[in-house]
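Student: Submitted below is the structure of interest, expressed as C-alpha cells.
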There are 2 protein chains.
Amino acid sequence: MARERSLVKQVGQKVPSRVGGELRVGIGDDAAVLRLRGANDWVISTDAFLEGVHFLAAHPPRMVGYKALARATSDIAAVGALPRYFFLNLALPSSRAGQWLDEFLRGMAQAAVRFGLVLAGGDTTKHQLIALNLTVLGEVKVGRAVLRSGARSGDWIAVSGRLGEAEFGLRLFQRGLHKKSGVRKLMQKHLQPEPRLAVGQWLASSGVASAMTDISDGLSTDLAHLCEASEVGARIWAEKIPVVSIPAGLRRLGIDPLRLALDGGDDYELLFTVPRRRAPRLPKKFRGVPLTIIGEVSREKTLNLVDARGRTKPLRPHGWDPFRKRS
Amino acid sequence: MARERSLVKQVGQKVPSRVGGELRVGIGDDAAVLRLRGANDWVISTDAFLEGVHFLAAHPPRMVGYKALARATSDIAAVGALPRYFFLNLALPSSRAGQWLDEFLRGMAQAAVRFGLVLAGGDTTKHQLIALNLTVLGEVKVGRAVLRSGARSGDWIAVSGRLGEAEFGLRLFQRGLHKKSGVRKLMQKHLQPEPRLAVGQWLASSGVASAMTDISDGLSTDLAHLCEASEVGARIWAEKIPVVSIPAGLRRLGIDPLRLALDGGDDYELLFTVPRRRAPRLPKKFRGVPLTIIGEVSREKTLNLVDARGRTKPLRPHGWDPFRKRS
C-alpha cells in the first residue's frame, strides 16, 4: 500500500474523524459528503499556515498543530458561528513524517476536541517546507453571521481580552527567554491561542454586535479592514486599549506595550462594533473574557488614535502584512 | 491599504466571484456564508498544488492556474457532483505577484467559467515557493454521490478517455519537445486536463456506476485505492486498456505506452465499476468521451494484470506517491 494512504489513515486515527450526523462520507474518499439540512447558514473559511511565514522550524510541533487549527477556527468565531467540520492539507518533508508528525497531530487533536471539530477530509503530500492548509466549516442561525461590513457611524468599538500578548510571547521566544521560570503564562497566547468562540457566538446570537472580525494581523490592520468593509472610519482611545502587561523584570527589553497592542499579530481576540442603544447589554466580561470599549466609529473614513492628553494622530495599519517588509 | 488586501481584490476582479443564490457572503470577509437549502447533498474536496511537486517553475503560469482548478474539480467529478463554489489560498514570492499572477489568474478564470465555479473566499500570503490550495464545493442529488467503496465482486471495471496521455505530455515537456510542430495536441492533457464532469454526473444520476474515483496518481495506484475502500480485488486485461497513442516519429524515445497508462499520473480520467446487470446501459462513448471496460472486480483482494496471451501477473501500485522515491 502506498505510504501516502497510510499517512492519511494515521491522521484519521489521531484526530477526531468519525462519520455521523450531516457527515455521510469523511476522510478517505475523493470528497466529503455532507447532508446539510435545517434552518442554519453554513460558514466556510480557509487558512494557510506555512513554515517560515506563520511559524518557525524551531517551534514545538505540538504547538504548530494546535495553533494551525486555532487560527483557522478563529475565522469561524469572528462571524459568531459554531465550528463543526474541518479539512487538513498537509505538505511536509519526509524527515517530518515520524515523530514530528506524531506530536503535531497530538496538538491538532487537542484543538479539535476543544473546539468541537471533526476532520472530514484532506490530503498529505511531500514538500521541502511544511505547508498546512485548513478549511473549517461552521454553522450559525440564518442571517445571524456578523460581518465586517455592518459598522455604522456612532457605534462603539470594542475588543475581547488583552492585545499584544501573542507578539510579546513571540519576542520572548525569539530571544530564547521562553523557558525562563515565570514566563510560561506569558507564552500561552503565542503558543496556544484561544479562538473566542463563546464570545463570538454570544455577540452574534444576542444581536449586540453590528460588525466583527478577529485580530490576526494586529489591531491597526484589522481595524482598517473592518472600517474599509463598512465604509467608515474610527477613533481609538489609546489609554482604553487593554494592553499586554509586561512584568517589571522584563521592562529592560524596552518593548512598548501600546505598539505591541496596536501592531502585534496572532492575538485572535475579537474586534467588534456595538450600536449605542445596545451598549447597555454588553457585559464587562463574558465567561471570564474581558470585553472593553476602546473607541467609536466615525463617518469620516480615517483611522485616528487619541492619546491620554486628547491629542489625535493618524493610526496607520502597521500590523502583519506578508507582502510588506516589516520595519 | 495593505498590499495583501489589494491582492485578494485583484483575485476577486479577475476570477468569477459574484455573490448570489446560496452564496450570501463571498470573498473579503472572515468566512463565506452559504445558505444551503433544498434536497441535495453537498460534497467538499481540498487539494494542494505545489511548485516543485505538482508543477515546475518552468510551467506557463496560465497553465498552472487552469490546471490547479481542474485537478481540484476532478475530485468533484469523481463522485458525480456538480461543481459550484471554490476557495483559493495562494502563497507566492513577491517576484510572482505581477505578470505571473496576472497570467495565472487568467488561466484560473478560464477554468472557473468552464466548470461553472464561483470563487467564494480565500487568502494570499508571501512564501518562497508557490503553494496553492483549492477547496471546491459541489452538489449532488441526495444519496447519489458515487463512492470508492461501492465495488462488488463481478462488477466490470471501466475508464473514461485514454490513459498515459498526461504523463507522455510531461515527458515531452521535460525533454523540451513540447514546442515542436505536431505535438501541441499531445500536450493538451498535461497542460490543460479536463475533469470529466458530464461523464461523472451521468454515471451518478443514472445509477450505472457502483464505485468511482478519478485517476490522478495513475491507474495502478488509484485502482488500489478503490479496491481497498471496497475490500475487493481486480483483474485488468492489458490489451483492453485504452493507452496513449505515440506517434511514429516519437517512438525512438522508447517510451512504453502501457507503462504510461498504468503508472502515469495527472490524467484525471474516471475509473469506475459497473454491476453486470447495468452494463447494457453503458454507452461506448458519452458526449464524445470513450468509456471502456478494462477488467473485472474479484472477491480475492489482489490486483492482477492479464496479458494478451492470458498470462496473469500481479499489478503493483507504481503510480504517483509523494512519499516514495520514484524509480
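Numbering starts fresh at 1 for the residues of each chain in the C-alpha cells, the chains themselves are lettered A, B, ... in the order given, and ligands are numbered from 1 as they appear.
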Can you check which residues of chain B have any atom within 7 Å of chain A? Use only C-alpha atoms and format it as number ranges by chain.

Tutor: B: 2-4, 29-37, 41-46, 48, 53, 75-76, 78-79, 89, 94, 122, 125-127, 133, 147-148, 213, 321-324

Student: Could you please determine the separation between CA of Arg71 in chain A and CA of Asp266 in chain A in Å, to one decimal place?

Tutor: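 One can read the CA of Arg71 in chain A to CA of Asp266 in chain A distance as 8.0 Å.
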
Student: List every residue of range 1-35 of chain A that DSSP, applied to the backbone, labels as helix (DSSP H, G or I), and write the result as a PyMOL selection string.

Tutor: chain A and resi 3-14

Student: Those same residues, written as a short mmCIF file (atom, residue, chain, number, x, y, z; two decimals), in the first residue's frame with N, CA and C atoms?

Tutor:
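Okay, result.cif is ready:
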```cif
data_model
loop_
_atom_site.label_atom_id
_atom_site.label_comp_id
_atom_site.auth_asym_id
_atom_site.auth_seq_id
_atom_site.Cartn_x
_atom_site.Cartn_y
_atom_site.Cartn_z
N ARG A 3 2.51 4.76 0.71
CA ARG A 3 2.74 5.40 2.00
C ARG A 3 1.83 6.59 2.21
N GLU A 4 1.46 7.28 1.12
CA GLU A 4 0.60 8.44 1.28
C GLU A 4 -0.72 8.04 1.94
N ARG A 5 -1.29 6.91 1.49
CA ARG A 5 -2.56 6.46 2.08
C ARG A 5 -2.37 6.19 3.57
N SER A 6 -1.24 5.60 3.93
CA SER A 6 -1.09 5.27 5.33
C SER A 6 -0.93 6.54 6.18
N LEU A 7 -0.37 7.61 5.58
CA LEU A 7 -0.29 8.88 6.28
C LEU A 7 -1.68 9.46 6.55
N VAL A 8 -2.53 9.40 5.51
CA VAL A 8 -3.90 9.89 5.67
C VAL A 8 -4.60 9.11 6.78
N LYS A 9 -4.39 7.79 6.79
CA LYS A 9 -5.00 6.96 7.83
C LYS A 9 -4.51 7.35 9.21
N GLN A 10 -3.19 7.60 9.29
CA GLN A 10 -2.60 8.00 10.57
C GLN A 10 -3.26 9.27 11.09
N VAL A 11 -3.48 10.22 10.18
CA VAL A 11 -4.15 11.46 10.57
C VAL A 11 -5.55 11.14 11.10
N GLY A 12 -6.27 10.29 10.36
CA GLY A 12 -7.65 9.94 10.74
C GLY A 12 -7.73 9.21 12.07
N GLN A 13 -6.68 8.45 12.40
CA GLN A 13 -6.70 7.72 13.67
C GLN A 13 -6.41 8.63 14.85
N LYS A 14 -5.65 9.69 14.61
CA LYS A 14 -5.21 10.52 15.73
C LYS A 14 -6.07 11.75 15.96
#
```

Student: For Leu119 in chain A, please output as a PyMOL selection string all residues within 7 Å (counting only C-alpha atoms; exclusion window: fewer than 5 positions along the same chain).

Tutor: chain A and resi 15-17+85-87

Student: May I ask which of the residues B:Gly288, B:Arg252, B:Ser160, B:Pro61 is the closest one to Gly98 in chain B, counting only C-alpha atoms?

Tutor: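 For Gly98 in chain B, the nearest of the candidates is B:Pro61.
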
Student: When distances are computed from only C-alpha atoms, which of B:Phe115, B:Ser210, B:Ser230, B:Ile130 shows the smallest separation from Arg96 in chain B?

Tutor: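 Residue with the minimum atom-to-atom distance to Arg96 in chain B: B:Ile130.
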
Student: Would you mind listing what lies within 10 Å of range 297-310 of chain B as a VMD selection string, with only C-alpha atoms counted and same-chain residues fewer than 2 positions away left out?

Tutor: chain B and resid 151 to 157 220 223 to 224 227 to 228 230 to 240 273 to 275 295 312 to 317

Student: Filtering to N, CA and C atoms, could you give me those residues as a short mmCIF file (atom, residue, chain, number, x, y, z; two decimals), in the first residue's frame?

Tutor:
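Saved to part_7.cif:
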```
data_model
loop_
_atom_site.label_atom_id
_atom_site.label_comp_id
_atom_site.auth_asym_id
_atom_site.auth_seq_id
_atom_site.Cartn_x
_atom_site.Cartn_y
_atom_site.Cartn_z
N ALA B 151 -17.73 -0.94 -4.97
CA ALA B 151 -17.46 -2.01 -5.95
C ALA B 151 -17.73 -3.38 -5.34
N ARG B 152 -18.35 -4.27 -6.13
CA ARG B 152 -18.67 -5.62 -5.65
C ARG B 152 -18.09 -6.64 -6.62
N SER B 153 -17.74 -7.78 -6.09
CA SER B 153 -17.19 -8.88 -6.88
C SER B 153 -18.07 -9.13 -8.11
N GLY B 154 -17.44 -9.21 -9.28
CA GLY B 154 -18.19 -9.45 -10.52
C GLY B 154 -18.47 -8.19 -11.31
N ASP B 155 -18.42 -7.01 -10.66
CA ASP B 155 -18.64 -5.76 -11.41
C ASP B 155 -17.57 -5.61 -12.50
N TRP B 156 -17.95 -5.00 -13.61
CA TRP B 156 -16.96 -4.61 -14.61
C TRP B 156 -16.18 -3.40 -14.11
N ILE B 157 -14.95 -3.28 -14.56
CA ILE B 157 -14.14 -2.09 -14.27
C ILE B 157 -13.96 -1.33 -15.58
N SER B 220 -2.71 2.19 -11.75
CA SER B 220 -2.34 1.12 -10.82
C SER B 220 -2.54 1.55 -9.37
N LEU B 223 -6.53 2.43 -8.74
CA LEU B 223 -7.29 1.18 -8.67
C LEU B 223 -7.09 0.52 -7.30
N ALA B 224 -5.85 0.60 -6.80
CA ALA B 224 -5.57 0.04 -5.47
C ALA B 224 -6.39 0.76 -4.39
N CYS B 227 -10.06 -0.38 -4.76
CA CYS B 227 -10.24 -1.77 -4.29
C CYS B 227 -10.11 -1.87 -2.78
N GLU B 228 -9.18 -1.09 -2.22
CA GLU B 228 -9.00 -1.11 -0.77
C GLU B 228 -10.27 -0.60 -0.08
N SER B 230 -13.26 -0.66 -1.21
CA SER B 230 -14.37 -1.58 -1.45
C SER B 230 -14.11 -2.98 -0.89
N GLU B 231 -12.88 -3.20 -0.39
CA GLU B 231 -12.48 -4.51 0.13
C GLU B 231 -12.66 -5.62 -0.91
N VAL B 232 -12.12 -5.33 -2.10
CA VAL B 232 -12.17 -6.29 -3.20
C VAL B 232 -10.82 -6.29 -3.91
N GLY B 233 -10.68 -7.10 -4.95
CA GLY B 233 -9.50 -7.09 -5.80
C GLY B 233 -9.92 -6.83 -7.23
N ALA B 234 -8.97 -6.95 -8.16
CA ALA B 234 -9.30 -6.66 -9.56
C ALA B 234 -8.43 -7.47 -10.51
N ARG B 235 -9.00 -7.79 -11.67
CA ARG B 235 -8.24 -8.35 -12.80
C ARG B 235 -8.39 -7.37 -13.96
N ILE B 236 -7.25 -6.90 -14.45
CA ILE B 236 -7.26 -5.93 -15.56
C ILE B 236 -6.68 -6.62 -16.79
N TRP B 237 -7.34 -6.46 -17.94
CA TRP B 237 -6.84 -7.03 -19.20
C TRP B 237 -6.02 -5.97 -19.92
N ALA B 238 -4.71 -6.22 -19.97
CA ALA B 238 -3.78 -5.22 -20.50
C ALA B 238 -4.19 -4.72 -21.88
N GLU B 239 -4.60 -5.65 -22.76
CA GLU B 239 -4.88 -5.23 -24.14
C GLU B 239 -6.17 -4.42 -24.27
N LYS B 240 -7.00 -4.41 -23.21
CA LYS B 240 -8.23 -3.61 -23.27
C LYS B 240 -8.01 -2.16 -22.84
N THR B 273 -16.72 1.32 -11.58
CA THR B 273 -17.18 -0.06 -11.70
C THR B 273 -18.66 -0.08 -12.03
N VAL B 274 -19.08 -1.12 -12.75
CA VAL B 274 -20.46 -1.23 -13.24
C VAL B 274 -20.99 -2.64 -12.95
N PRO B 275 -22.04 -2.75 -12.15
CA PRO B 275 -22.64 -4.08 -11.95
C PRO B 275 -23.05 -4.67 -13.30
N GLY B 295 -11.62 -4.51 -17.22
CA GLY B 295 -11.37 -5.61 -16.29
C GLY B 295 -12.59 -5.91 -15.44
N THR B 312 -1.17 -14.14 -16.24
CA THR B 312 -1.54 -13.22 -15.16
C THR B 312 -0.31 -12.89 -14.32
N LYS B 313 -0.11 -11.60 -14.03
CA LYS B 313 0.92 -11.24 -13.05
C LYS B 313 0.39 -10.14 -12.14
N PRO B 314 0.99 -10.01 -10.96
CA PRO B 314 0.48 -9.01 -10.01
C PRO B 314 0.63 -7.60 -10.58
N LEU B 315 -0.38 -6.77 -10.35
CA LEU B 315 -0.34 -5.36 -10.75
C LEU B 315 -0.04 -4.54 -9.50
N ARG B 316 1.18 -3.99 -9.44
CA ARG B 316 1.56 -3.25 -8.23
C ARG B 316 1.31 -1.76 -8.42
N PRO B 317 0.91 -1.08 -7.35
CA PRO B 317 0.68 0.37 -7.46
C PRO B 317 2.00 1.11 -7.63
#
```

Student: So how far away is CA of Phe104 in chain A from CA of His178 in chain A, in Å?

Tutor: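 Answer for the CA of His178 in chain A to CA of Phe104 in chain A separation: 19.8 Å.
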
Student: Give me the residues within 9 Å of Gly264 in chain A as number ranges by chain, counting only C-alpha atoms and dropping any in the same chain fewer than 4 places off.

Tutor: A: 163-168, 216-220, 259-260, 318-320

Student: Taking the backbone alone, and naming residues the way the document does, which bits of range 103-165 of chain B are strand (DSSP E) by DSSP, as a PDB file with C-alpha atoms, in the first residue's frame?

Tutor:
```
ATOM      1  CA  VAL B 118     -17.685  30.865  -8.367  1.00  0.00           C
ATOM      2  CA  LEU B 119     -14.865  31.992  -6.055  1.00  0.00           C
ATOM      3  CA  ALA B 120     -16.298  32.260  -2.534  1.00  0.00           C
ATOM      4  CA  GLY B 121     -13.209  33.031  -0.476  1.00  0.00           C
ATOM      5  CA  GLY B 122      -9.525  32.558   0.126  1.00  0.00           C
ATOM      6  CA  ASP B 123      -6.381  34.289   1.138  1.00  0.00           C
ATOM      7  CA  THR B 124      -2.985  35.335  -0.195  1.00  0.00           C
ATOM      8  CA  THR B 125       0.354  35.253   1.568  1.00  0.00           C
ATOM      9  CA  LYS B 126       4.043  35.538   0.776  1.00  0.00           C
ATOM     10  CA  ALA B 131       1.880  26.931  -2.871  1.00  0.00           C
ATOM     11  CA  LEU B 132      -1.743  26.749  -3.917  1.00  0.00           C
ATOM     12  CA  ASN B 133      -4.614  25.292  -2.025  1.00  0.00           C
ATOM     13  CA  LEU B 134      -8.052  24.838  -3.509  1.00  0.00           C
ATOM     14  CA  THR B 135     -11.264  23.911  -1.730  1.00  0.00           C
ATOM     15  CA  VAL B 136     -14.154  23.011  -4.052  1.00  0.00           C
ATOM     16  CA  LEU B 137     -17.829  22.543  -3.144  1.00  0.00           C
ATOM     17  CA  GLY B 138     -20.284  20.719  -5.337  1.00  0.00           C
ATOM     18  CA  GLU B 139     -23.791  19.346  -5.076  1.00  0.00           C
ATOM     19  CA  VAL B 140     -25.379  16.056  -5.976  1.00  0.00           C
ATOM     20  CA  LYS B 141     -28.858  14.546  -5.520  1.00  0.00           C
ATOM     21  CA  TRP B 156     -16.956  -4.613 -14.608  1.00  0.00           C
ATOM     22  CA  ILE B 157     -14.135  -2.091 -14.275  1.00  0.00           C
ATOM     23  CA  ALA B 158     -14.154   0.775 -16.763  1.00  0.00           C
ATOM     24  CA  VAL B 159     -12.315   4.008 -17.542  1.00  0.00           C
ATOM     25  CA  SER B 160     -13.071   7.185 -19.474  1.00  0.00           C
TER      26      SER B 160
END
```
